[in-house]
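Visitor: Input structure: model-v4.tsv, which contains TSV, C-alpha atoms.
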```
chain	number	residue	atom	x	y	z
A	1	MET	CA	-36.19	-2.24	-33.06
A	2	SER	CA	-34.82	0.64	-31.02
A	3	LYS	CA	-32.13	2.80	-32.41
A	4	GLN	CA	-29.35	3.74	-30.00
A	5	THR	CA	-27.01	6.62	-30.48
A	6	PRO	CA	-23.42	5.40	-30.32
A	7	ILE	CA	-21.37	6.85	-27.51
A	8	SER	CA	-18.20	8.50	-28.69
A	9	PHE	CA	-15.07	8.96	-26.63
A	10	PRO	CA	-12.31	11.38	-27.53
A	11	LEU	CA	-9.08	9.60	-28.34
A	12	ILE	CA	-5.64	10.97	-27.67
A	13	ASP	CA	-3.09	10.01	-30.28
A	14	LYS	CA	-0.09	11.27	-28.35
A	15	PRO	CA	-0.42	12.27	-24.71
A	16	SER	CA	1.34	15.52	-23.97
A	17	PRO	CA	4.45	15.27	-21.77
A	18	LEU	CA	2.71	17.38	-19.15
A	19	MET	CA	-0.14	14.90	-19.02
A	20	MET	CA	2.19	11.91	-18.58
A	21	GLU	CA	4.10	13.69	-15.82
A	22	ASP	CA	0.85	14.32	-13.98
A	23	LEU	CA	0.02	10.59	-13.81
A	24	GLU	CA	1.00	8.26	-10.99
A	25	PRO	CA	0.35	4.53	-10.61
A	26	PHE	CA	-1.81	3.30	-7.75
A	27	VAL	CA	-3.03	0.04	-6.26
A	28	GLU	CA	-5.96	-0.33	-3.91
A	29	PHE	CA	-6.17	-3.62	-2.07
A	30	PRO	CA	-9.31	-5.52	-1.06
A	31	GLY	CA	-11.07	-3.85	1.83
A	32	HIS	CA	-10.45	-0.35	0.44
A	33	GLN	CA	-13.37	1.95	1.17
A	34	SER	CA	-14.86	3.29	-2.02
A	35	LEU	CA	-17.57	5.94	-2.00
A	36	VAL	CA	-20.25	3.29	-2.44
A	37	ARG	CA	-19.03	0.11	-0.72
A	38	VAL	CA	-16.06	-1.80	0.57
A	39	ASN	CA	-14.24	-3.21	-2.45
A	40	ASP	CA	-13.39	-6.90	-2.63
A	41	THR	CA	-11.18	-6.30	-5.64
A	42	PHE	CA	-7.66	-5.24	-6.42
A	43	ARG	CA	-7.86	-1.90	-8.24
A	44	LEU	CA	-4.82	-0.96	-10.32
A	45	GLY	CA	-4.38	2.02	-12.55
A	46	TYR	CA	-3.15	5.53	-13.03
A	47	ARG	CA	-4.50	8.74	-11.55
A	48	SER	CA	-3.70	12.43	-11.63
A	49	LYS	CA	-1.09	13.45	-9.06
A	50	GLN	CA	-2.72	16.83	-8.66
A	51	THR	CA	-6.38	15.88	-8.36
A	52	GLY	CA	-6.35	12.16	-7.55
A	53	VAL	CA	-8.86	11.57	-10.35
A	54	PRO	CA	-8.34	8.13	-11.95
A	55	PHE	CA	-7.20	8.09	-15.57
A	56	ALA	CA	-7.36	4.33	-16.11
A	57	ILE	CA	-8.45	1.52	-13.75
A	58	ILE	CA	-8.59	-2.24	-13.94
A	59	GLU	CA	-10.34	-4.24	-11.23
A	60	ILE	CA	-9.42	-7.84	-10.49
A	61	PRO	CA	-11.53	-9.81	-7.99
A	62	ALA	CA	-9.55	-10.84	-4.92
A	63	SER	CA	-10.77	-14.41	-5.37
A	64	THR	CA	-9.20	-14.54	-8.84
A	65	VAL	CA	-5.87	-13.28	-7.53
A	66	ALA	CA	-5.94	-15.80	-4.66
A	67	GLN	CA	-6.82	-18.64	-7.04
A	68	PHE	CA	-4.03	-18.00	-9.54
A	69	ILE	CA	-1.26	-16.54	-7.38
A	70	PRO	CA	-0.51	-18.73	-4.36
A	71	LEU	CA	1.21	-16.24	-2.08
A	72	GLN	CA	2.17	-16.61	1.54
A	73	ALA	CA	3.66	-13.50	3.07
A	74	SER	CA	4.78	-12.44	6.51
A	75	VAL	CA	6.44	-9.45	8.11
A	76	ARG	CA	8.61	-9.52	11.19
A	77	MET	CA	10.72	-7.07	13.11
A	78	THR	CA	14.23	-7.86	14.28
A	79	ILE	CA	15.41	-6.93	17.76
A	80	ASP	CA	17.39	-3.98	16.36
A	81	GLY	CA	14.28	-2.40	14.80
A	82	LYS	CA	14.51	-3.59	11.21
A	83	VAL	CA	11.31	-4.66	9.48
A	84	VAL	CA	11.76	-7.69	7.22
A	85	ALA	CA	9.15	-8.86	4.72
A	86	GLU	CA	9.16	-12.47	3.59
A	87	ALA	CA	7.09	-13.94	0.78
A	88	GLU	CA	6.74	-17.35	-0.73
A	89	LEU	CA	5.76	-17.06	-4.35
A	90	PRO	CA	6.85	-19.91	-6.62
A	91	ASN	CA	8.79	-18.74	-9.66
A	92	ASP	CA	9.13	-20.46	-13.03
A	93	HIS	CA	11.65	-22.92	-11.61
A	94	GLY	CA	9.56	-23.81	-8.57
A	95	ALA	CA	11.90	-22.11	-6.11
A	96	PRO	CA	9.75	-20.37	-3.49
A	97	GLY	CA	10.68	-17.63	-1.13
A	98	HIS	CA	12.12	-14.17	-1.00
A	99	SER	CA	13.14	-12.11	1.97
A	100	SER	CA	13.79	-8.38	2.01
A	101	GLU	CA	17.02	-7.02	3.48
A	102	GLY	CA	15.04	-5.13	6.07
A	103	VAL	CA	14.17	-1.49	6.53
A	104	SER	CA	14.67	0.37	9.78
A	105	LEU	CA	11.47	1.13	11.63
A	106	VAL	CA	12.39	4.83	11.61
A	107	GLN	CA	12.80	4.80	7.81
A	108	LEU	CA	9.50	2.96	7.44
A	109	ILE	CA	7.73	5.60	9.55
A	110	GLU	CA	9.40	8.42	7.59
A	111	ASN	CA	8.28	6.87	4.30
A	112	THR	CA	4.76	6.45	5.66
A	113	LEU	CA	4.62	10.10	6.73
A	114	HIS	CA	6.01	11.49	3.47
A	115	GLY	CA	3.60	14.06	2.00
A	116	ASP	CA	3.08	12.19	-1.28
A	117	ASN	CA	2.25	8.98	0.58
A	118	LEU	CA	-0.17	10.73	2.94
A	119	ARG	CA	-1.90	12.33	-0.04
A	120	MET	CA	-2.12	9.09	-2.04
A	121	GLU	CA	-3.44	7.19	0.98
A	122	GLU	CA	-5.82	10.04	1.79
A	123	ALA	CA	-4.65	9.85	5.41
A	124	SER	CA	-6.86	11.40	8.02
A	125	PRO	CA	-5.92	12.82	11.43
A	126	ARG	CA	-7.82	9.88	12.98
A	127	GLU	CA	-5.53	7.42	11.20
A	128	LEU	CA	-2.39	9.32	12.18
A	129	ASN	CA	-3.56	9.47	15.81
A	130	SER	CA	-4.08	5.71	15.69
A	131	LEU	CA	-0.53	5.26	14.35
A	132	LEU	CA	0.80	7.52	17.11
A	133	GLN	CA	-1.04	5.49	19.77
A	134	GLU	CA	0.38	2.23	18.39
A	135	LEU	CA	3.91	3.66	18.44
A	136	GLU	CA	3.51	5.00	21.99
A	137	THR	CA	2.21	1.61	23.19
A	138	SER	CA	5.18	-0.10	21.51
A	139	MET	CA	7.62	2.29	23.20
A	140	GLN	CA	6.05	1.60	26.62
A	141	ARG	CA	6.42	-2.15	26.10
A	142	VAL	CA	10.09	-1.87	25.09
A	143	LYS	CA	10.78	0.33	28.14
A	144	ALA	CA	9.05	-2.22	30.41
A	145	VAL	CA	11.21	-5.06	29.05
A	146	LEU	CA	14.37	-2.96	29.45
A	147	ALA	CA	13.40	-2.19	33.06
A	148	ALA	CA	12.75	-5.89	33.74
A	149	MET	CA	16.12	-6.81	32.22
A	150	HIS	CA	17.83	-4.20	34.40
A	151	VAL	CA	16.18	-5.60	37.56
A	152	GLN	CA	17.26	-9.12	36.59
A	153	GLY	CA	20.81	-7.91	35.92
A	154	LEU	CA	20.66	-8.81	32.22
A	155	THR	CA	21.77	-5.40	30.93
A	156	THR	CA	25.36	-4.59	30.14
```
What would you get if you wrote out this structure as structure tokens?
Guide:
Amino acid sequence: MSKQTPISFPLIDKPSPLMMEDLEPFVEFPGHQSLVRVNDTFRLGYRSKQTGVPFAIIEIPASTVAQFIPLQASVRMTIDGKVVAEAELPNDHGAPGHSSEGVSLVQLIENTLHGDNLRMEEASPRELNSLLQELETSMQRVKAVLAAMHVQGLTT
């Protein structure tokens, strides 16, 4: 019979206010690149705002979430540049569906580019260049439609 030394962990009775202020919640969705592999789990927890080091994590397999939470979601953009998210998630009374009021595309971009968000998402220049390219392509397409409308006499 082998004798194992028990592993002890320090316990904190009362976290200091400074420590609690340093923590931020995070969620990583399936497909997130970890250092070892691509995760197929939802990772939820708290991490240090300053260092990004996780304080507490729980992992839930994506298959478990899909099995127990039947969710259908979509996102659309209105002609005036508002992004609207719609989700169908049955509540306790069986009434599905919820639609956001909509957020302007400009506000969505500003929120995406906020320093805290860039840090939490660990955004790279490659990713920001990709975003810029997508936005430039979108602008070109809108300009082409406006030009076509002008030629057809549909502008006012």
Visitor: Between A:Gln107, A:Glu86, A:Thr112, A:Phe26, which one has atoms that come closest to Ser48 in chain A, using all atoms listed in the file?
Guide: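 Between A:Gln107, A:Glu86, A:Thr112, A:Phe26, the residue approaching Ser48 in chain A most closely is A:Phe26.
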Visitor: What is the distance between CA of Leu44 in chain A and CA of Ile57 in chain A, in Å to one decimal?
Guide: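 So the two atoms, CA of Leu44 in chain A and CA of Ile57 in chain A, lie 5.6 Å apart.
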Visitor: In Å, with one decimal, what is the gap from CA of Gln50 in chain A to CA of Val27 in chain A?
Guide: 17.0 Å
Visitor: From the set A:Thr78, A:Thr41, A:Ser100, A:Thr51, which residue has the shortest atom-to-atom contact distance to Val65 in chain A, counting only C-alpha atoms?
Guide: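 Among the listed residues, the smallest separation from Val65 in chain A belongs to A:Thr41.
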Visitor: In Å to one decimal, how far is CA of Leu71 in chain A from CA of Val84 in chain A?
Guide: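 Atom-to-atom, CA of Val84 in chain A to CA of Leu71 in chain A, that is 16.5 Å.
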Visitor: Given all atoms listed in the file as the basis, pick out the residue of A:Asn111, A:Ser63, A:Asn117, A:Gln152 nearest to Pro30 in chain A.
Guide: A:Ser63
Visitor: From the options A:Phe68, A:Ile58, A:Glu24, A:Val142, which residue's atoms come nearest to Arg43 in chain A, counting only C-alpha atoms?
Guide: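 Ranked by minimum distance to Arg43 in chain A, first place goes to A:Ile58.
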Visitor: With only C-alpha atoms as the counted atoms, please give the residues lying no more than 8 Å from Leu105 in chain A, apart from itself and same-chain residues fewer than 2 positions off, as a ChimeraX atom specification.
Guide: /A:81-83,103,107-109
Visitor: Show me, as a PyMOL selection string, the residues that have an atom within 12 Å of Thr64 in chain A when counting all atoms listed in the file, minus same-chain residues fewer than 5 positions from it.
Guide: chain A and resi 30+40-42+59+69-70
Visitor: Which residue gives the smallest distance to Met77 in chain A among A:Pro61, A:Gly102, A:Leu113, A:Phe55, with all atoms listed in the file counted?
Guide: A:Gly102
Visitor: Could you tell me, as a count of residues only, which residues have any atom at most 7 Å from (6.7, -10.9, 5.7), counting all atoms listed in the file?
Guide: 8
